[in-house]
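What follows is the content of entry_30.cif (mmCIF, C-alpha atoms).
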```
data_protein
#
loop_
_atom_site.group_PDB
_atom_site.id
_atom_site.type_symbol
_atom_site.label_atom_id
_atom_site.label_comp_id
_atom_site.auth_asym_id
_atom_site.auth_seq_id
_atom_site.Cartn_x
_atom_site.Cartn_y
_atom_site.Cartn_z
ATOM 1 C CA MET A 1 62.487 7.080 -18.381
ATOM 2 C CA GLU A 2 60.937 6.593 -21.803
ATOM 3 C CA LYS A 3 60.019 9.679 -23.786
ATOM 4 C CA MET A 4 56.399 9.905 -24.940
ATOM 5 C CA GLY A 5 55.842 10.671 -28.599
ATOM 6 C CA ALA A 6 53.150 12.821 -30.134
ATOM 7 C CA PHE A 7 49.827 11.257 -31.032
ATOM 8 C CA PHE A 8 48.967 11.812 -34.677
ATOM 9 C CA CYS A 9 45.454 11.099 -35.911
ATOM 10 C CA GLN A 10 46.193 10.893 -39.581
ATOM 11 C CA SER A 11 43.870 8.035 -40.378
ATOM 12 C CA LYS A 12 40.602 9.251 -41.885
ATOM 13 C CA THR A 13 38.761 6.568 -39.919
ATOM 14 C CA ILE A 14 40.260 7.703 -36.600
ATOM 15 C CA GLN A 15 39.563 11.362 -37.400
ATOM 16 C CA ASN A 16 35.940 10.603 -38.240
ATOM 17 C CA LYS A 17 35.491 8.552 -35.052
ATOM 18 C CA LEU A 18 36.938 11.386 -32.946
ATOM 19 C CA ILE A 19 34.607 13.886 -34.618
ATOM 20 C CA GLU A 20 31.683 11.520 -34.002
ATOM 21 C CA TYR A 21 32.553 11.151 -30.286
ATOM 22 C CA VAL A 22 32.991 14.902 -29.807
ATOM 23 C CA ALA A 23 29.666 15.533 -31.593
ATOM 24 C CA GLU A 24 27.935 13.024 -29.295
ATOM 25 C CA GLU A 25 29.314 14.787 -26.196
ATOM 26 C CA ILE A 26 28.274 18.224 -27.455
ATOM 27 C CA THR A 27 24.805 16.956 -28.370
ATOM 28 C CA SER A 28 24.443 15.364 -24.938
ATOM 29 C CA TYR A 29 25.398 18.666 -23.282
ATOM 30 C CA ILE A 30 22.890 20.613 -25.421
ATOM 31 C CA ASP A 31 20.190 18.016 -24.707
ATOM 32 C CA HIS A 32 20.745 18.471 -20.984
ATOM 33 C CA GLU A 33 20.577 22.287 -21.297
ATOM 34 C CA ILE A 34 17.312 22.200 -23.244
ATOM 35 C CA ASP A 35 15.794 19.578 -20.937
ATOM 36 C CA GLU A 36 16.504 21.787 -17.913
ATOM 37 C CA CYS A 37 15.004 24.988 -19.320
ATOM 38 C CA SER A 38 11.316 25.864 -19.126
ATOM 39 C CA PHE A 39 11.130 27.488 -22.558
ATOM 40 C CA PHE A 40 13.179 27.770 -25.715
ATOM 41 C CA THR A 41 13.057 29.427 -29.096
ATOM 42 C CA CYS A 42 13.547 27.837 -32.494
ATOM 43 C CA LYS A 43 15.241 29.844 -35.219
ATOM 44 C CA VAL A 44 14.734 28.302 -38.630
ATOM 45 C CA ASP A 45 16.130 29.459 -41.944
ATOM 46 C CA ARG A 46 16.104 27.953 -45.387
ATOM 47 C CA ALA A 47 19.157 28.329 -47.575
ATOM 48 C CA THR A 48 20.661 26.730 -50.640
ATOM 49 C CA ASP A 49 23.998 24.986 -50.558
ATOM 50 C CA ILE A 50 26.701 25.161 -53.226
ATOM 51 C CA SER A 51 24.942 22.513 -55.311
ATOM 52 C CA HIS A 52 21.704 24.566 -55.189
ATOM 53 C CA LEU A 53 19.882 22.094 -52.927
ATOM 54 C CA GLY A 54 17.529 23.393 -50.246
ATOM 55 C CA GLN A 55 18.675 23.141 -46.642
ATOM 56 C CA LEU A 56 17.018 24.081 -43.397
ATOM 57 C CA SER A 57 19.267 25.430 -40.640
ATOM 58 C CA LEU A 58 17.990 25.126 -37.099
ATOM 59 C CA VAL A 59 19.176 27.018 -33.999
ATOM 60 C CA LEU A 60 17.722 26.565 -30.516
ATOM 61 C CA CYS A 61 17.940 29.466 -28.050
ATOM 62 C CA GLN A 62 17.368 29.228 -24.317
ATOM 63 C CA MET A 63 18.294 31.053 -21.143
ATOM 64 C CA ASP A 64 20.790 29.380 -18.819
ATOM 65 C CA LYS A 65 20.758 29.460 -15.006
ATOM 66 C CA LYS A 66 22.821 32.680 -15.037
ATOM 67 C CA ARG A 67 20.081 34.250 -17.184
ATOM 68 C CA LYS A 68 22.318 34.452 -20.239
ATOM 69 C CA THR A 69 20.919 33.586 -23.626
ATOM 70 C CA GLN A 70 22.511 30.536 -25.217
ATOM 71 C CA GLU A 71 22.199 29.716 -28.907
ATOM 72 C CA ARG A 72 22.877 26.175 -30.068
ATOM 73 C CA PHE A 73 23.223 25.273 -33.727
ATOM 74 C CA MET A 74 21.421 21.985 -34.281
ATOM 75 C CA GLY A 75 22.524 21.415 -37.858
ATOM 76 C CA PHE A 76 21.442 21.530 -41.452
ATOM 77 C CA LYS A 77 18.562 19.364 -42.621
ATOM 78 C CA ASP A 78 17.985 18.425 -46.259
ATOM 79 C CA VAL A 79 14.725 19.867 -47.600
ATOM 80 C CA SER A 80 15.642 19.777 -51.268
ATOM 81 C CA ILE A 81 12.870 17.347 -52.232
ATOM 82 C CA ASP A 82 9.936 19.208 -50.675
ATOM 83 C CA GLN A 83 9.854 22.686 -49.130
ATOM 84 C CA LYS A 84 6.164 22.972 -48.299
ATOM 85 C CA ALA A 85 5.306 24.361 -44.855
ATOM 86 C CA VAL A 86 3.964 21.004 -43.658
ATOM 87 C CA VAL A 87 7.245 19.261 -44.529
ATOM 88 C CA LEU A 88 9.352 22.005 -42.937
ATOM 89 C CA LYS A 89 7.291 21.701 -39.737
ATOM 90 C CA GLN A 90 7.861 17.935 -39.742
ATOM 91 C CA VAL A 91 11.618 18.506 -40.039
ATOM 92 C CA VAL A 92 11.594 20.956 -37.102
ATOM 93 C CA ASP A 93 9.406 18.560 -35.077
ATOM 94 C CA SER A 94 11.867 15.721 -35.709
ATOM 95 C CA VAL A 95 14.635 17.786 -34.088
ATOM 96 C CA ILE A 96 12.772 19.229 -31.101
ATOM 97 C CA ARG A 97 10.503 16.242 -30.328
ATOM 98 C CA LYS A 98 13.005 14.787 -27.843
ATOM 99 C CA TYR A 99 12.794 17.943 -25.705
ATOM 100 C CA ASP A 100 9.133 17.308 -24.818
ATOM 101 C CA TYR A 101 8.337 20.652 -26.407
ATOM 102 C CA LYS A 102 4.587 20.229 -26.053
ATOM 103 C CA ARG A 103 4.983 20.717 -22.296
ATOM 104 C CA LYS A 104 7.222 23.770 -22.622
ATOM 105 C CA ARG A 105 6.852 27.236 -24.026
ATOM 106 C CA VAL A 106 8.336 27.323 -27.497
ATOM 107 C CA SER A 107 8.463 30.252 -29.849
#
```
Let me see whether you can do it: turn the structure in this file into structure tokens.
Amino acid sequence: MEKMGAFFCQSKTIQNKLIEYVAEEITSYIDHEIDECSFFTCKVDRATDISHLGQLSLVLCQMDKKRKTQERFMGFKDVSIDQKAVVLKQVVDSVIRKYDYKRKRVS
């Protein structure tokens, strides 16, 4: 019987593809969770990164079927060019639009 060797993902391209595929699966899971809930909460915070550029961090919170609160980090969004309230709302809308939030309770 032939011995199986270890699988090493040392190529930067392979590592990036694996990260991309895992991110897609996680995003799909989160999308399903948010689609199934009747309400969710958006936590938004503005911070500066190491290069002093403005970033918006976005976390969605919802209650699962076991009535436990789940928080899902949706990422950092670049807001370094314009940080007016209207622009920040547009950034948040671009993330939560796919969850049909106008038909749900959102806080």
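All residues of protein, DNA or RNA that reach within 7 Å of Ser38 in chain A, judged by only C-alpha atoms and not counting those fewer than 2 positions away in the chain, are Glu36, Lys104 and Arg105 of chain A.
Interatomic distance, CA of Asp64 in chain A to CA of Tyr29 in chain A: 12.5 Å.
For Asp100 in chain A, the list of residues within 10 Å, based on only C-alpha atoms and with local chain neighbours fewer than 3 positions off taken out, reads Ile34, Asp35, Ile96, Arg97, Arg103 and Lys104 of chain A.
Comparing A:Gln62, A:Gln15, A:Gln83, A:Gln90 by their smallest distance to Asp31 in chain A, the closest is A:Gln62 (using all atoms listed in the file).
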Counting only C-alpha atoms, figure out which residue out of A:Lys84, A:Arg72, A:Arg67, A:Lys102 gets nearest to Lys43 in chain A.
A:Arg72
One decimal, Å: what's the distance from CA of Val92 in chain A over to CA of Asn16 in chain A, could you say?
26.5 Å
Please measure the separation of CA of Asp45 in chain A and CA of Asp78 in chain A, giving the value in Å to one decimal.
12.0 Å
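What the PyMOL selection byres ((chain A and resi 73) around 8) picks from this file is Ser57, Leu58, Val59, Leu60, Glu71, Arg72, Met74 and Gly75 of chain A.
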Find the smallest box with edges along x, y and z containing every listed atom of range 65-77 of chain A, then add 3 Å on each side and report centre and edge lengths in Å to one decimal, as AutoDock Vina command-line options.
```
--center_x 20.9 --center_y 26.9 --center_z -28.8 --size_x 10.7 --size_y 21.1 --size_z 33.6
```
With distances taken over only C-alpha atoms, which residue among A:Ile30, A:Met63, A:Val79, A:Leu56 lies nearest Lys98 in chain A?
A:Ile30
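Comparing A:Lys77, A:Lys68, A:Asp49, A:Val22 by their smallest distance to Lys89 in chain A, the closest is A:Lys77 (using all atoms listed in the file).
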Pick out the residues sitting within 8 Å of Ser107 in chain A, and hand them over as JSON, numbers by chain; count all atoms listed in the file, and ignore anything fewer than 5 positions along from it in its own chain.
{"A": [40, 41, 42]}
